[in-house]
Structures are given as structure tokens and as C-alpha cells.
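Colleague: My structure is in run_6.pdb, and what it holds is PDB, C-alpha atoms and all ligand atoms:
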ATOM      1  CA  MET A   1      -2.537  17.777 -26.439
ATOM      2  CA  SER A   2      -2.199  21.285 -25.214
ATOM      3  CA  SER A   3      -0.995  22.769 -22.024
ATOM      4  CA  ALA A   4      -0.676  26.075 -20.310
ATOM      5  CA  ASP A   5       2.068  26.020 -17.794
ATOM      6  CA  SER A   6       1.681  28.688 -15.205
ATOM      7  CA  SER A   7       3.189  29.066 -11.840
ATOM      8  CA  ILE A   8       1.053  30.672  -9.219
ATOM      9  CA  GLY A   9       2.346  32.519  -6.241
ATOM     10  CA  ASP A  10       1.549  31.737  -2.666
ATOM     11  CA  SER A  11      -1.456  29.529  -2.965
ATOM     12  CA  GLY A  12      -2.422  30.177   0.613
ATOM     13  CA  ASN A  13      -1.469  26.707   1.604
ATOM     14  CA  GLY A  14       1.665  27.733   3.402
ATOM     15  CA  ASN A  15       3.790  27.087   0.378
ATOM     16  CA  ASN A  16       5.555  30.354  -0.359
ATOM     17  CA  GLY A  17       7.242  28.756  -3.284
ATOM     18  CA  HIS A  18       5.778  28.437  -6.708
ATOM     19  CA  ILE A  19       3.456  25.661  -7.672
ATOM     20  CA  HIS A  20       3.492  24.707 -11.322
ATOM     21  CA  VAL A  21       0.026  23.853 -12.544
ATOM     22  CA  SER A  22      -0.263  22.561 -16.112
ATOM     23  CA  VAL A  23      -3.585  21.743 -17.702
ATOM     24  CA  TYR A  24      -3.865  19.198 -20.513
ATOM     25  CA  ASP A  25      -6.697  18.051 -22.703
ATOM     26  CA  ASP A  26      -7.058  14.569 -21.240
ATOM     27  CA  LEU A  27      -5.438  11.815 -19.191
ATOM     28  CA  ASP A  28      -3.304  10.644 -22.103
ATOM     29  CA  ALA A  29      -1.817  14.130 -22.450
ATOM     30  CA  VAL A  30      -1.247  14.271 -18.685
ATOM     31  CA  ALA A  31       0.566  10.927 -18.901
ATOM     32  CA  HIS A  32       2.776  12.148 -21.736
ATOM     33  CA  ALA A  33       3.609  15.293 -19.764
ATOM     34  CA  GLY A  34       4.505  13.133 -16.794
ATOM     35  CA  ALA A  35       6.781  11.005 -18.959
ATOM     36  CA  ASP A  36       8.478  14.119 -20.355
ATOM     37  CA  LEU A  37       9.026  15.425 -16.826
ATOM     38  CA  LEU A  38      10.500  12.122 -15.654
ATOM     39  CA  VAL A  39      12.954  12.087 -18.571
ATOM     40  CA  GLN A  40      13.910  15.707 -17.837
ATOM     41  CA  LEU A  41      14.429  14.974 -14.148
ATOM     42  CA  GLN A  42      16.585  11.970 -14.941
ATOM     43  CA  ALA A  43      18.736  14.064 -17.293
ATOM     44  CA  ALA A  44      19.112  16.736 -14.593
ATOM     45  CA  ASP A  45      20.054  14.060 -12.042
ATOM     46  CA  ARG A  46      22.966  12.656 -14.048
ATOM     47  CA  PRO A  47      25.593  11.511 -13.386
ATOM     48  CA  GLN A  48      23.981  10.142 -10.227
ATOM     49  CA  GLU A  49      23.980   6.354 -10.250
ATOM     50  CA  HIS A  50      20.469   5.963  -8.814
ATOM     51  CA  PHE A  51      17.237   7.761  -9.690
ATOM     52  CA  ASN A  52      15.097   7.124  -6.627
ATOM     53  CA  ILE A  53      11.441   7.261  -7.587
ATOM     54  CA  ALA A  54       8.371   6.692  -5.416
ATOM     55  CA  LEU A  55       5.448   5.355  -7.413
ATOM     56  CA  SER A  56       1.844   6.166  -6.689
ATOM     57  CA  GLY A  57      -1.111   3.844  -6.500
ATOM     58  CA  GLY A  58      -4.671   3.951  -7.726
ATOM     59  CA  SER A  59      -5.630   3.982 -11.405
ATOM     60  CA  THR A  60      -4.207   7.218 -12.838
ATOM     61  CA  PRO A  61      -0.585   6.007 -12.891
ATOM     62  CA  ARG A  62      -1.543   3.186 -15.278
ATOM     63  CA  ALA A  63      -1.661   5.743 -18.102
ATOM     64  CA  LEU A  64       1.806   7.033 -17.236
ATOM     65  CA  HIS A  65       3.252   3.537 -16.979
ATOM     66  CA  ARG A  66       1.825   2.638 -20.382
ATOM     67  CA  VAL A  67       3.435   5.713 -21.979
ATOM     68  CA  LEU A  68       6.805   5.030 -20.346
ATOM     69  CA  VAL A  69       7.128   1.448 -21.624
ATOM     70  CA  THR A  70       6.052   2.378 -25.168
ATOM     71  CA  PRO A  71       8.265   4.006 -27.820
ATOM     72  CA  PRO A  72       9.514   6.720 -27.930
ATOM     73  CA  TYR A  73       9.691   7.018 -24.143
ATOM     74  CA  ARG A  74      10.875   3.447 -23.792
ATOM     75  CA  GLU A  75      14.118   4.555 -25.400
ATOM     76  CA  ARG A  76      14.322   7.831 -23.489
ATOM     77  CA  VAL A  77      13.989   6.534 -19.933
ATOM     78  CA  ASP A  78      17.223   5.585 -18.143
ATOM     79  CA  TRP A  79      15.832   2.285 -16.838
ATOM     80  CA  GLU A  80      19.130   1.129 -15.366
ATOM     81  CA  SER A  81      19.288   4.011 -12.889
ATOM     82  CA  MET A  82      15.733   3.581 -11.618
ATOM     83  CA  GLN A  83      15.232   2.510  -8.006
ATOM     84  CA  TYR A  84      11.526   1.913  -7.411
ATOM     85  CA  PHE A  85       9.820   2.673  -4.110
ATOM     86  CA  TRP A  86       6.174   3.221  -3.249
ATOM     87  CA  GLY A  87       4.775   6.361  -1.628
ATOM     88  CA  ASP A  88       2.006   4.311  -0.111
ATOM     89  CA  GLU A  89       0.550   0.828  -0.114
ATOM     90  CA  ARG A  90      -2.631  -0.882   0.834
ATOM     91  CA  PHE A  91      -2.159  -3.324   3.716
ATOM     92  CA  VAL A  92      -2.708  -6.361   1.497
ATOM     93  CA  PRO A  93      -0.418  -9.124   0.144
ATOM     94  CA  PRO A  94       1.730  -8.128  -2.853
ATOM     95  CA  GLY A  95      -0.346 -10.309  -5.157
ATOM     96  CA  ASP A  96      -3.668  -8.848  -4.047
ATOM     97  CA  PRO A  97      -5.703  -7.063  -6.760
ATOM     98  CA  GLU A  98      -5.741  -4.006  -4.463
ATOM     99  CA  SER A  99      -1.949  -3.896  -4.175
ATOM    100  CA  ASN A 100      -0.201  -0.810  -5.588
ATOM    101  CA  TYR A 101       2.899  -2.949  -6.027
ATOM    102  CA  ARG A 102       0.932  -5.466  -8.107
ATOM    103  CA  MET A 103      -0.482  -2.676 -10.303
ATOM    104  CA  ALA A 104       3.018  -1.284 -10.918
ATOM    105  CA  ARG A 105       4.447  -4.749 -11.525
ATOM    106  CA  GLU A 106       1.798  -5.528 -14.138
ATOM    107  CA  THR A 107       1.777  -2.152 -15.914
ATOM    108  CA  LEU A 108       5.394  -1.006 -15.607
ATOM    109  CA  LEU A 109       7.950  -3.364 -14.095
ATOM    110  CA  ALA A 110       6.935  -6.392 -16.164
ATOM    111  CA  GLU A 111       7.158  -4.302 -19.332
ATOM    112  CA  ALA A 112      10.515  -2.600 -18.743
ATOM    113  CA  PRO A 113      14.150  -3.647 -18.233
ATOM    114  CA  VAL A 114      14.137  -4.078 -14.440
ATOM    115  CA  THR A 115      16.109  -6.300 -12.064
ATOM    116  CA  ALA A 116      14.878  -7.408  -8.640
ATOM    117  CA  ASP A 117      17.436  -5.291  -6.796
ATOM    118  CA  GLN A 118      15.857  -2.156  -8.266
ATOM    119  CA  VAL A 119      12.476  -2.872  -6.670
ATOM    120  CA  HIS A 120      11.809  -1.860  -3.043
ATOM    121  CA  ARG A 121       8.206  -2.723  -2.271
ATOM    122  CA  VAL A 122       6.409  -2.343   1.041
ATOM    123  CA  PRO A 123       6.770  -5.733   2.819
ATOM    124  CA  THR A 124       3.096  -5.986   3.776
ATOM    125  CA  GLU A 125       3.378  -9.710   4.514
ATOM    126  CA  ARG A 126       5.978  -9.243   7.262
ATOM    127  CA  GLY A 127       3.833  -8.185  10.211
ATOM    128  CA  ASP A 128       1.089  -5.884  11.443
ATOM    129  CA  PRO A 129       0.748  -2.393   9.905
ATOM    130  CA  THR A 130       2.996  -0.725  12.479
ATOM    131  CA  MET A 131       5.688  -3.370  12.060
ATOM    132  CA  VAL A 132       5.478  -3.150   8.267
ATOM    133  CA  ALA A 133       5.861   0.629   8.371
ATOM    134  CA  GLU A 134       8.958   0.271  10.579
ATOM    135  CA  LEU A 135      10.420  -2.403   8.302
ATOM    136  CA  TYR A 136       9.790  -0.336   5.173
ATOM    137  CA  GLU A 137      11.437   2.685   6.783
ATOM    138  CA  ALA A 138      14.447   0.508   7.665
ATOM    139  CA  ASP A 139      14.576  -0.800   4.087
ATOM    140  CA  ILE A 140      14.589   2.753   2.718
ATOM    141  CA  ARG A 141      17.333   3.818   5.156
ATOM    142  CA  ARG A 142      19.445   0.848   4.094
ATOM    143  CA  ASP A 143      18.767   1.063   0.362
ATOM    144  CA  MET A 144      19.283   4.835   0.160
ATOM    145  CA  ASN A 145      22.049   5.001   2.787
ATOM    146  CA  ILE A 146      20.121   7.368   5.057
ATOM    147  CA  LEU A 147      21.717   8.094   8.426
ATOM    148  CA  PRO A 148      19.623   8.247  11.621
ATOM    149  CA  GLY A 149      17.945  11.630  11.920
ATOM    150  CA  GLN A 150      18.219  12.271   8.199
ATOM    151  CA  LEU A 151      15.433  12.134   5.620
ATOM    152  CA  PRO A 152      15.689  10.505   2.187
ATOM    153  CA  ARG A 153      15.617  12.949  -0.708
ATOM    154  CA  PHE A 154      13.746  11.160  -3.465
ATOM    155  CA  ASP A 155      14.474  12.340  -6.979
ATOM    156  CA  LEU A 156      10.804  12.056  -7.881
ATOM    157  CA  ILE A 157       7.701  11.333  -5.832
ATOM    158  CA  LEU A 158       4.618  10.660  -7.933
ATOM    159  CA  LEU A 159       1.264  11.361  -6.313
ATOM    160  CA  GLY A 160      -2.381  11.117  -7.239
ATOM    161  CA  MET A 161      -5.207  12.942  -5.512
ATOM    162  CA  GLY A 162      -8.487  11.448  -4.438
ATOM    163  CA  PRO A 163     -11.864  13.210  -4.807
ATOM    164  CA  ASP A 164     -11.522  13.978  -1.079
ATOM    165  CA  GLY A 165      -8.191  15.717  -1.557
ATOM    166  CA  HIS A 166      -6.060  12.926  -0.088
ATOM    167  CA  CYS A 167      -2.688  11.978  -1.530
ATOM    168  CA  ALA A 168      -0.569   8.907  -0.877
ATOM    169  CA  SER A 169      -2.497   7.417   2.059
ATOM    170  CA  LEU A 170      -2.751  10.750   3.835
ATOM    171  CA  PHE A 171      -6.522  10.826   4.171
ATOM    172  CA  PRO A 172      -8.577  13.651   5.678
ATOM    173  CA  HIS A 173      -8.737  13.724   9.486
ATOM    174  CA  THR A 174      -6.446  10.721   9.939
ATOM    175  CA  GLU A 175      -3.499  10.383  12.307
ATOM    176  CA  ALA A 176      -0.843  10.114   9.606
ATOM    177  CA  LEU A 177      -1.310  13.794   8.747
ATOM    178  CA  GLN A 178       0.357  14.784  12.019
ATOM    179  CA  VAL A 179       3.307  12.369  11.935
ATOM    180  CA  ARG A 180       6.613  14.218  11.658
ATOM    181  CA  ASP A 181       9.059  11.916  13.515
ATOM    182  CA  ARG A 182       8.990   9.011  11.076
ATOM    183  CA  MET A 183       9.474   8.557   7.317
ATOM    184  CA  VAL A 184       6.792   5.908   6.980
ATOM    185  CA  THR A 185       3.733   5.294   9.102
ATOM    186  CA  ALA A 186       0.743   2.997   9.300
ATOM    187  CA  ASN A 187      -2.569   4.770   8.901
ATOM    188  CA  PHE A 188      -5.986   3.324   9.617
ATOM    189  CA  VAL A 189      -8.550   4.927   7.321
ATOM    190  CA  PRO A 190     -12.023   4.707   8.932
ATOM    191  CA  LYS A 191     -13.984   5.476   5.784
ATOM    192  CA  LEU A 192     -12.264   2.594   4.004
ATOM    193  CA  ASN A 193     -12.144   0.472   7.158
ATOM    194  CA  ALA A 194      -8.642  -0.365   5.986
ATOM    195  CA  ASN A 195      -5.044  -0.040   7.073
ATOM    196  CA  ARG A 196      -2.581   1.735   4.825
ATOM    197  CA  ILE A 197       1.200   2.272   4.860
ATOM    198  CA  THR A 198       2.282   5.733   3.758
ATOM    199  CA  PHE A 199       5.148   8.158   3.426
ATOM    200  CA  THR A 200       4.792  10.966   5.911
ATOM    201  CA  VAL A 201       4.660  14.644   4.978
ATOM    202  CA  PRO A 202       8.328  15.371   5.818
ATOM    203  CA  VAL A 203       9.577  12.695   3.399
ATOM    204  CA  ILE A 204       7.400  13.925   0.552
ATOM    205  CA  ASN A 205       8.376  17.544   1.200
ATOM    206  CA  ASN A 206      12.069  16.634   1.124
ATOM    207  CA  ALA A 207      11.918  15.418  -2.474
ATOM    208  CA  VAL A 208      13.708  17.007  -5.413
ATOM    209  CA  ALA A 209      10.431  16.909  -7.304
ATOM    210  CA  VAL A 210       6.852  16.018  -6.412
ATOM    211  CA  VAL A 211       4.494  15.485  -9.337
ATOM    212  CA  PHE A 212       0.738  15.094  -8.987
ATOM    213  CA  LEU A 213      -1.101  13.437 -11.859
ATOM    214  CA  VAL A 214      -4.816  14.264 -11.589
ATOM    215  CA  ALA A 215      -7.553  13.547 -14.118
ATOM    216  CA  GLY A 216     -11.319  13.347 -14.158
ATOM    217  CA  ALA A 217     -14.305  15.520 -13.302
ATOM    218  CA  ASP A 218     -14.661  13.827  -9.928
ATOM    219  CA  LYS A 219     -11.465  15.599  -8.839
ATOM    220  CA  ALA A 220     -12.580  19.126  -9.836
ATOM    221  CA  ASP A 221     -14.040  20.209  -6.489
ATOM    222  CA  ALA A 222     -11.077  18.931  -4.476
ATOM    223  CA  LEU A 223      -8.509  20.361  -6.894
ATOM    224  CA  ALA A 224     -10.054  23.831  -6.668
ATOM    225  CA  ALA A 225     -10.189  23.557  -2.864
ATOM    226  CA  VAL A 226      -6.582  22.346  -2.618
ATOM    227  CA  LEU A 227      -5.058  24.881  -5.000
ATOM    228  CA  GLU A 228      -7.296  27.889  -4.484
ATOM    229  CA  GLY A 229      -9.316  27.325  -1.318
ATOM    230  CA  VAL A 230      -8.559  28.273   2.256
ATOM    231  CA  TYR A 231      -5.643  26.431   3.861
ATOM    232  CA  ASP A 232      -7.355  23.513   5.577
ATOM    233  CA  PRO A 233      -5.003  20.517   5.327
ATOM    234  CA  GLU A 234      -6.947  18.364   7.776
ATOM    235  CA  THR A 235      -9.764  18.426   5.251
ATOM    236  CA  TYR A 236      -7.577  18.626   2.143
ATOM    237  CA  PRO A 237      -4.322  16.788   2.938
ATOM    238  CA  SER A 238      -2.810  17.473  -0.497
ATOM    239  CA  GLN A 239      -2.340  21.044   0.766
ATOM    240  CA  LEU A 240       0.383  19.665   3.054
ATOM    241  CA  ILE A 241       2.572  18.950   0.041
ATOM    242  CA  ALA A 242       5.011  21.852  -0.290
ATOM    243  CA  PRO A 243       8.569  20.708  -1.093
ATOM    244  CA  GLU A 244      10.982  22.841   0.914
ATOM    245  CA  HIS A 245      13.828  22.561  -1.578
ATOM    246  CA  GLY A 246      12.162  21.018  -4.553
ATOM    247  CA  ALA A 247       9.680  21.467  -7.358
ATOM    248  CA  LEU A 248       5.952  20.837  -7.121
ATOM    249  CA  HIS A 249       4.125  20.096 -10.357
ATOM    250  CA  TRP A 250       0.415  19.520 -10.822
ATOM    251  CA  LEU A 251      -0.272  17.856 -14.170
ATOM    252  CA  VAL A 252      -4.037  17.882 -14.534
ATOM    253  CA  ASP A 253      -6.585  17.406 -17.257
ATOM    254  CA  ARG A 254      -9.277  19.911 -18.203
ATOM    255  CA  ALA A 255     -12.022  17.944 -16.472
ATOM    256  CA  ALA A 256     -10.183  18.069 -13.150
ATOM    257  CA  ALA A 257      -9.289  21.738 -13.706
ATOM    258  CA  ALA A 258     -12.860  22.765 -14.554
ATOM    259  CA  LYS A 259     -13.460  24.601 -11.265
ATOM    260  CA  LEU A 260     -10.139  26.391 -11.018
ATOM    261  CA  GLN A 261     -10.628  30.156 -11.055
ATOM    262  CA  GLN A 262      -7.055  31.248 -11.671
ATOM    263  CA  ALA A 263      -5.567  31.067 -15.134
ATOM    264  CA  HIS A 264      -3.407  28.001 -15.526
TER     265      HIS A 264
HETATM  266  C1  LIG B   1      -3.765   4.750  -3.528
HETATM  267  C2  LIG B   1      -3.073   5.989  -3.990
HETATM  268  C3  LIG B   1      -3.981   7.155  -3.805
HETATM  269  C4  LIG B   1      -4.354   7.604  -5.202
HETATM  270  C5  LIG B   1      -5.559   8.495  -5.193
HETATM  271  C6  LIG B   1      -6.025   8.761  -6.627
HETATM  272  O1  LIG B   1      -3.138   3.906  -2.879
HETATM  273  O2  LIG B   1      -4.935   4.617  -3.909
HETATM  274  O3  LIG B   1      -1.858   6.166  -3.571
HETATM  275  O4  LIG B   1      -3.453   8.239  -3.091
HETATM  276  O5  LIG B   1      -3.248   8.283  -5.789
HETATM  277  O6  LIG B   1      -6.577   7.831  -4.477
HETATM  278  O7  LIG B   1      -6.416   7.520  -7.178
HETATM  279  P1  LIG B   1      -6.879   7.405  -8.706
HETATM  280  O8  LIG B   1      -5.651   7.644  -9.530
HETATM  281  O9  LIG B   1      -7.386   5.993  -8.829
HETATM  282  O10 LIG B   1      -7.928   8.445  -8.926
END
Please go through the file and, once you have read it, give me the structure as C-alpha cells.
Ligand code: 6PG
Modeller:
Amino acid sequence: MSSADSSIGDSGNGNNGHIHVSVYDDLDAVAHAGADLLVQLQAADRPQEHFNIALSGGSTPRALHRVLVTPPYRERVDWESMQYFWGDERFVPPGDPESNYRMARETLLAEAPVTADQVHRVPTERGDPTMVAELYEADIRRDMNILPGQLPRFDLILLGMGPDGHCASLFPHTEALQVRDRMVTANFVPKLNANRITFTVPVINNAVAVVFLVAGADKADALAAVLEGVYDPETYPSQLIAPEHGALHWLVDRAAAAKLQQAH
């Protein structure tokens, strides 16, 4: 496991802050780095009662979840403070094989000390996509005590990136990219012919820390375009992620970083 942590200046994507890009040998090393960062963020958050985390979907987070529930991280994570949310969800029942909640339940929640009141899943069974997005937003406002007009400030939002440069369910050239007046929105994704529920850009950019976990050669073109290409967020939505008062970390493996030109 090796890493080179570098922060690059303005990456041209409108984020004048620093983006921390760290490159690791493989997915396992990325997962361990993600676990280290979570433990560090929890320590920095104390003595707050709740550590509000938004989990990501897809397959990459499985590696992180496995590391977290295995010694030594199992003993390092403050499980009691965790409040689990989801940054996006497929519009499927919670027991569906496609469900991000189901993946997290099987790989993380079922393996860790968790009580039901710590889990805040997207209620996909409670209506149509628009209704579900409204209900999930209301749940977040209630559970995190967010006043009208305010945004939640998650302690950690985990993200993955697709080969097309999407993150959460913010897919290229879809309506959700423009939404700024809601925390959560439904998003129909034509290329998947599927409805999604997703955090909007303002919520993600209000986080204390946003951490991308990206691995695999199939991500190399998009990662280079997102981090080093022209600012084109309609095509590469991950370029929209620029926490205003928070940290942005890209934890990537060498295969995904293969087409990066800048030293990282
Ligand atoms: C989802 C995710 C999505 C994911 C990327 C990367 O619901 O699928 O939220 O944004 O993070 O598609 O997925 P992989 O980790 O499977 O490559």
C-alpha cells in the first residue's frame, strides 16, 4: 500500500480550494485509506453526539465496509455516534438486489453494532419518485434538526464515480444537475431507463468532508477529465463537487489514476 498525497490548486472546475488526490496501489489500499479518514474525521468531530454519514452505492463501497467491520478498524470506529444516510438510491424496494440500502445492510450494518434508530434509508416504497424525494428530505430535516431554508451539514459524504463521471445519481445531462432549491430530488436517468433519488449539489457541497473512492481502469478516462479536463459539469457531473467550507478527498487506485497528467 503506498500513497502520494498531493493537493492541487484550482483544478479548473470552479473549485478554488484545494482538492486532495491520493493514489494507492489497489482497491484494498483505497478502502484502508477511506477507513483511516473516517476514523480521523470522527475524532475531529468529537464531542459531537452524532456523526452524520451519507453512504454511497455501487460496488466500490463494499471494500470499505469490509475493512471497517474487521479488526483493527472495528475497534477504532465510533459506531455509537454513527447516523447512516444515503447520498442516493435506486428507485427499488429496500430488499431489491439493486438497492444501495440492501448492499450497505448486508456488508456494513449487519456486521457492526447498529440500532434501527441510527439508520435513515430512502423510503422508496412510500410513493412515486417525487414523493419519495420529498419524504426523504423531510426525514433528513427531522433527523438532523434542519430548519426551513437551511442545509444539512453532513460530517462525511462518501461518493463513487461512474465511468461517465457521474456521482451519487447526478448523471450527465440530467435534470438533477441543475436543482438548487431542494436537498433531495428524483432524477430519471434515460440511459438506465430508471428513476433515482439523489442528494443535490448544494447538500453535497455543504458537507464537512466529501470523499470519493474510485478504483479500476474503466474510471481512468473520466477521472482525468474530471480532475484535469476543461470544466464541463454537464458532461462530467463530479466536477460539480466542490465543498464550500469542507474538505474534498479523492482516494483512487493506480488503475483509475493511469491517465492523470499531474503528479499526485
Ligand atoms: C449508485 C452510486 C453511484 C456509484 C458509481 C460508481 O447508486 O450506483 O451511488 O454513483 O457510486 O456508479 O459505482 P461503482 O462503485 O460500482 O463503480
Colleague: Ranking A:Ala33, A:Ile204, A:Ala168, A:Ala257 by minimum distance to ligand LIG 1 (chain B) and counting all atoms listed in the file, which one comes first?
Modeller: A:Ala168
Colleague: Grab the atom CA of A:Leu177 to atom CA of A:Ala54 distance for me, in Å with one decimal place.
Modeller: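 Atom CA of A:Ala54 lies at a distance of 18.6 Å from atom CA of A:Leu177.
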Colleague: Collect all residues with atoms no farther than 9 Å from ligand LIG 1 (chain B), counting only C-alpha atoms and all ligand atoms, and output them as a PyMOL selection string.
Modeller: chain A and resi 55-62+86-90+98-100+158-171+196+198+212-216+218-219
Colleague: I would like the residues chosen by the PyMOL selection byres (((chain A and resi 36) around 12) and not hetatm) on the shown file; could you give them as a PyMOL selection string?
Modeller: chain A and resi 29-35+37-43+64+67-68+72-74+76-77+211+251
Colleague: Could you please determine the separation between atom CA of A:Arg182 and atom CA of A:Leu147 in Å, to one decimal place?
Modeller: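 A separation of 13.0 Å between them.
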Colleague: Work out how far apart atom CA of A:Asn195 and atom CA of A:Thr174 are and give it in Å to one decimal.
Modeller: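 Straight-line distance from atom CA of A:Asn195 to atom CA of A:Thr174 works out to 11.2 Å.
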Colleague: Just say which residues the PyMOL selection byres (((chain A and resi 259) around 9) and not hetatm) picks in this file, as a list in words.
Modeller: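 Applied to this file, the PyMOL selection byres (((chain A and resi 259) around 9) and not hetatm) selects Ala220, Asp221, Leu223, Ala224, Ala255, Ala256, Ala257, Ala258, Leu260 and Gln261 of chain A.
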